[in-house]
Amino acid sequence: MRVHLLSLVVCSLLLAAGCASHQQYRKTSGPIPPILVADLETRKDVDDGNGSTGCSERLFRDRSIEKFRTPEGEVFTIGVIELSDDGHVKDIRQRDEVFRELKRVARGGDVASASSPGAVVVTFVHGWHHRAKVCDENLSCYRRVMEGLVERKDDRANKGPVFGIYLGWRGESAHRLTGLTFYNRKAAAQHVGSLGGRDLLLQLSQIHRDLDREVREASGGERYVNMVTVGHSFGGALVYSAMESLSVSEYAGAHGVGYPACPGKQKPVRSGVGDLVILVNPAFEAKRYRYFAEDAATGDYSDDQRPVLLTVASTGDQAVGKAFPMGRALWLVWHPKAWHDGGAEITGLGHYAPYTTHRLIFNGQEEKPAAEKPLTNEEALRRCDLLEEQKRGLVRAVCDCSYPVYKLEPSSGSNAGVPMPGRSQNPTLLKEGGGSVHALTADVTLQPIGAVNKNVPYIVASAPPNLISGHNDIYNPNFILFLIGYINNTLPGPGPSKPAREDVPACR
């Protein structure tokens with residue numbers, strides 16, 4: 001009776017808070033010519049590709065493919081694919097157009113050739129409170145991160161164009177009292193992640209593998225396609241579902257990840273979704289990670305092994321660090337068979353000490369985001385068709401990121417020899433599970449906790465609050481600069497195409 005009463009109260013509060021829309025935010029008209037990111041952030045009128053101009057935000061609402069150029073003239077692309085609460089892709093045409101554009105960019109045309117440029121593909125799945133709206137701040141920051149990767153291409157082997165894929169889902173189900181939506185959105189993310197979200201990422205992983213093989217073979221191994229997948233919060237849970245589905249299996253009657261090592265040999269190279277998966281403040285229980293933890297704890301890895309799964313969790317994340325265990329504890333009460341492993345069942349990955357392998361060390365100053373302000377300019381509201389949205393208080397004054405995640409210049413007063421932000425002075429160590437990247441004013445160092453296997457592919461790192469202050473502080477520039485440096489220095493480089501999973505030889 002009490003449970004039913006509590007459910008009724010929560011439902012009533014959510015109704016009072018007003019439901020967030022189930023609408024598709026992005027349509028499928030053809031892309032407009034590339035624009036500066038700053039032109040979108042200020043809602044400038046831009047060329048619509050048909051001899052006229054219009055508000056950049058309004059033009060992008062009609063499109064799922066965004067084309068940008070850096071101030072130096074380099075073009076990069078972002079494709080948006082939306083998922084519905086029922087677990088499926090919201091518009092298959094949207095998905096197909098993004099995948100078609102990815103193939104065209106990586107091949108440099110309709111088919112791969114000796115001049116195919118390859119690509120660096122970075123997929124991002126957002127978390128709680130966000131969605132696929134043109135000016136959602138997660139998407140605004142993501143654009144600047146992609147621009148930062150373009151600006152720093154000299155720091156990585158792959159000089160191909162950057163192609164971002166933003167997977168949007170309904171990360172918020174109410175306009176007010178949004179804190180009450182945590183468990184509702186967690187359930188939605190798990191449902192989407194077990195169906196369309198997982199399948200979409202697995203499909204994208206196969207496209208990456210096929211494209212990479214095509215481009216390597218056509219260019220003699222000089223150019224290729226790299227793929228990174230990043231998930232935050234419930235988006236991290238969604239991404240992990242794909243990683244788990246692809247990696248966890250049975251071998252000789254026992255569950256595990258990948259083939260076991262033959263007697264006296266190193267483990268076969270581990271792979272996953274694309275080249276690298278990064279989970280930031282993921283919102284799922286540590287118990288689900290047990291097979292990766294077990295694999296990382298024993299045996300030796302090949303010198304060819306690179307990181308394939310990096311998890312970073314902030315000690316300042318109250319949502320996963322505090323609220324998540326309380327909700328899971330209620331679940332545990334009704335599942336006595338799980339009591340023997342209760343700690344892993346109620347604790348979020350990244351906050352469960354037995355599975356935490358590394359820590360991020362940062363002694364620099366904490367960066368603070370700029371405060372959001374509402375758009376009040378009547379002319380801009382009319383020109384960009386935002387009057388109805390303004391009535392719900394959802395229009396930001398500027399369509400930008402509250403952090404300068406794209407900053408390039410070294411810190412003021414730095415001496416000669418200090419690396420540029422986002423650059424590592426010890427890239428080999430990063431591949432082996434250590435090393436550092438210079439951020440705005442200080443290094444961010446990835447430090448193993450205790451004895452950790454060299455070249456371990458699965459890393460779980462805790463991060464201090466001055467690096468990631470809370471659950472949603474994922475675009476803090478010092479952390480982003482670390483990620484850019486980590487990505488640039490750990491991705492596979494030139495050479496022949498990678499072997500398929502079934503090419504792993506049997507033990508003799």
# chains A, B, ... in the order shown; residues from 1 in each chain; ligands from 1

call {"tool": "residues_around", "arguments": {"residues": "A:Ala157", "least_positions_apart": "3", "cutoff": "10 Å", "atoms": "only C-alpha atoms", "output": "PyMOL selection string"}}
result
chain A and resi 153-154+160+222-224+488-494

call {"tool": "write_last_selection", "arguments": {"atoms": "C-alpha atoms", "output": "CSV table (one decimal), in the first residue's frame"}}
result
chain,number,residue,atom,x,y,z
A,153,LYS,CA,45.3,16.6,-35.7
A,154,ASP,CA,49.1,17.0,-35.8
A,160,GLY,CA,41.8,12.2,-41.8
A,222,GLU,CA,48.7,4.6,-45.2
A,223,ARG,CA,45.2,5.9,-44.3
A,224,TYR,CA,42.5,4.3,-42.2
A,488,ASN,CA,45.2,11.2,-30.1
A,489,ASN,CA,47.9,9.0,-28.5
A,490,THR,CA,46.1,5.7,-28.1
A,491,LEU,CA,44.3,5.0,-31.4
A,492,PRO,CA,45.7,2.5,-33.8
A,493,GLY,CA,47.9,3.8,-36.5
A,494,PRO,CA,48.8,2.9,-40.1

call {"tool": "atom_distance", "arguments": {"atom1": "atom CA of A:Asp39", "atom2": "atom CA of A:His126"}}
result
23.4 Å

call {"tool": "closest_residue", "arguments": {"among": "A:His351, A:Arg131, A:Arg143, A:Arg156", "to": "A:Ala119", "atoms": "only C-alpha atoms"}}
result
A:Arg156

call {"tool": "select_by_dssp", "arguments": {"residues": "stretch 109-288 of chain A", "states": "helix (DSSP H, G or I)", "output": "VMD selection string"}}
result
chain A and resid 137 to 151 153 to 155 178 to 194 196 to 219 234 to 247 286 to 288

call {"tool": "closest_residue", "arguments": {"among": "A:Gly49, A:Gly256, A:Pro477, A:Gly274", "to": "A:Tyr291", "atoms": "only C-alpha atoms"}}
result
A:Gly256

call {"tool": "closest_residue", "arguments": {"among": "A:Ala313, A:Ala218, A:Ala380, A:Met146", "to": "A:Ala463", "atoms": "only C-alpha atoms"}}
result
A:Ala313

call {"tool": "residues_around", "arguments": {"residues": "stretch 203-208 of chain A", "least_positions_apart": "2", "cutoff": "9 Å", "atoms": "only C-alpha atoms", "output": "ChimeraX atom specification"}}
result
/A:99,103,121,198-201,210-213,225-227,272-275

call {"tool": "closest_residue", "arguments": {"among": "A:Met420, A:Cys135, A:Ile361, A:Ala371", "to": "A:Glu151", "atoms": "only C-alpha atoms"}}
result
A:Met420

call {"tool": "closest_residue", "arguments": {"among": "A:Leu59, A:Ile32, A:Leu83, A:Ala451", "to": "A:Ala297", "atoms": "only C-alpha atoms"}}
result
A:Ala451

call {"tool": "atom_distance", "arguments": {"atom1": "atom CA of A:Asp341", "atom2": "atom CA of A:Ala353"}}
result
13.6 Å

call {"tool": "residues_around", "arguments": {"residues": "A:Phe76", "least_positions_apart": "4", "cutoff": "9 Å", "atoms": "only C-alpha atoms", "output": "PyMOL selection string"}}
result
chain A and resi 34+66-70+146-147+150+161-164

call {"tool": "closest_atom_pairs", "arguments": {"of": "stretch 264-383 of chain A", "to": "stretch 391-404 of chain A", "cutoff": "9 Å", "atoms": "only C-alpha atoms", "output": "Markdown table"}}
result
| residue | atom | partner | partner_atom | distance |
| --- | --- | --- | --- | --- |
| A:Glu367 | CA | A:Tyr403 | CA | 8.3 |
| A:Lys368 | CA | A:Tyr403 | CA | 7.6 |
| A:Pro369 | CA | A:Ser402 | CA | 5.1 |
| A:Ala370 | CA | A:Ser402 | CA | 5.0 |
| A:Ala371 | CA | A:Ser402 | CA | 7.2 |
| A:Glu372 | CA | A:Arg396 | CA | 6.8 |
| A:Lys373 | CA | A:Ala397 | CA | 5.4 |
| A:Pro374 | CA | A:Arg396 | CA | 4.6 |
| A:Leu375 | CA | A:Ala397 | CA | 3.7 |
| A:Thr376 | CA | A:Ala397 | CA | 7.1 |
| A:Asn377 | CA | A:Ala397 | CA | 8.3 |
| A:Leu381 | CA | A:Val395 | CA | 8.9 |

call {"tool": "write_last_selection", "arguments": {"atoms": "N, CA and C atoms", "output": "short mmCIF file (atom, residue, chain, number, x, y, z; two decimals), in the first residue's frame"}}
result
data_model
loop_
_atom_site.label_atom_id
_atom_site.label_comp_id
_atom_site.auth_asym_id
_atom_site.auth_seq_id
_atom_site.Cartn_x
_atom_site.Cartn_y
_atom_site.Cartn_z
N GLU A 367 38.12 24.85 -12.99
CA GLU A 367 37.46 25.78 -13.92
C GLU A 367 35.97 25.84 -13.61
N LYS A 368 35.37 26.99 -13.79
CA LYS A 368 33.95 27.19 -13.53
C LYS A 368 33.22 27.54 -14.82
N PRO A 369 32.05 26.95 -15.05
CA PRO A 369 31.30 27.29 -16.27
C PRO A 369 30.65 28.66 -16.16
N ALA A 370 30.40 29.26 -17.31
CA ALA A 370 29.67 30.53 -17.34
C ALA A 370 28.20 30.28 -17.04
N ALA A 371 27.58 31.22 -16.37
CA ALA A 371 26.16 31.08 -16.02
C ALA A 371 25.29 31.20 -17.27
N GLU A 372 24.25 30.39 -17.32
CA GLU A 372 23.32 30.46 -18.45
C GLU A 372 22.38 31.65 -18.30
N LYS A 373 22.03 32.26 -19.42
CA LYS A 373 21.06 33.36 -19.43
C LYS A 373 20.02 33.08 -20.50
N PRO A 374 18.77 33.50 -20.29
CA PRO A 374 17.73 33.25 -21.30
C PRO A 374 17.84 34.25 -22.46
N LEU A 375 17.38 33.81 -23.62
CA LEU A 375 17.34 34.69 -24.78
C LEU A 375 16.14 35.63 -24.66
N THR A 376 16.40 36.93 -24.73
CA THR A 376 15.32 37.92 -24.60
C THR A 376 15.20 38.80 -25.85
N ASN A 377 16.10 38.65 -26.79
CA ASN A 377 16.09 39.46 -28.00
C ASN A 377 14.89 39.06 -28.88
N LEU A 381 14.34 35.87 -31.49
CA LEU A 381 13.30 34.88 -31.19
C LEU A 381 12.37 34.68 -32.38
#

call {"tool": "residues_around", "arguments": {"residues": "A:Lys431", "least_positions_apart": "2", "cutoff": "10 Å", "atoms": "only C-alpha atoms", "output": "VMD selection string"}}
result
chain A and resid 303 to 307 426 to 429 433 to 435 454 to 457 486 to 487 489 to 492

call {"tool": "closest_residue", "arguments": {"among": "A:Pro33, A:Gly54, A:Glu72, A:Tyr25", "to": "A:Ala132", "atoms": "only C-alpha atoms"}}
result
A:Tyr25
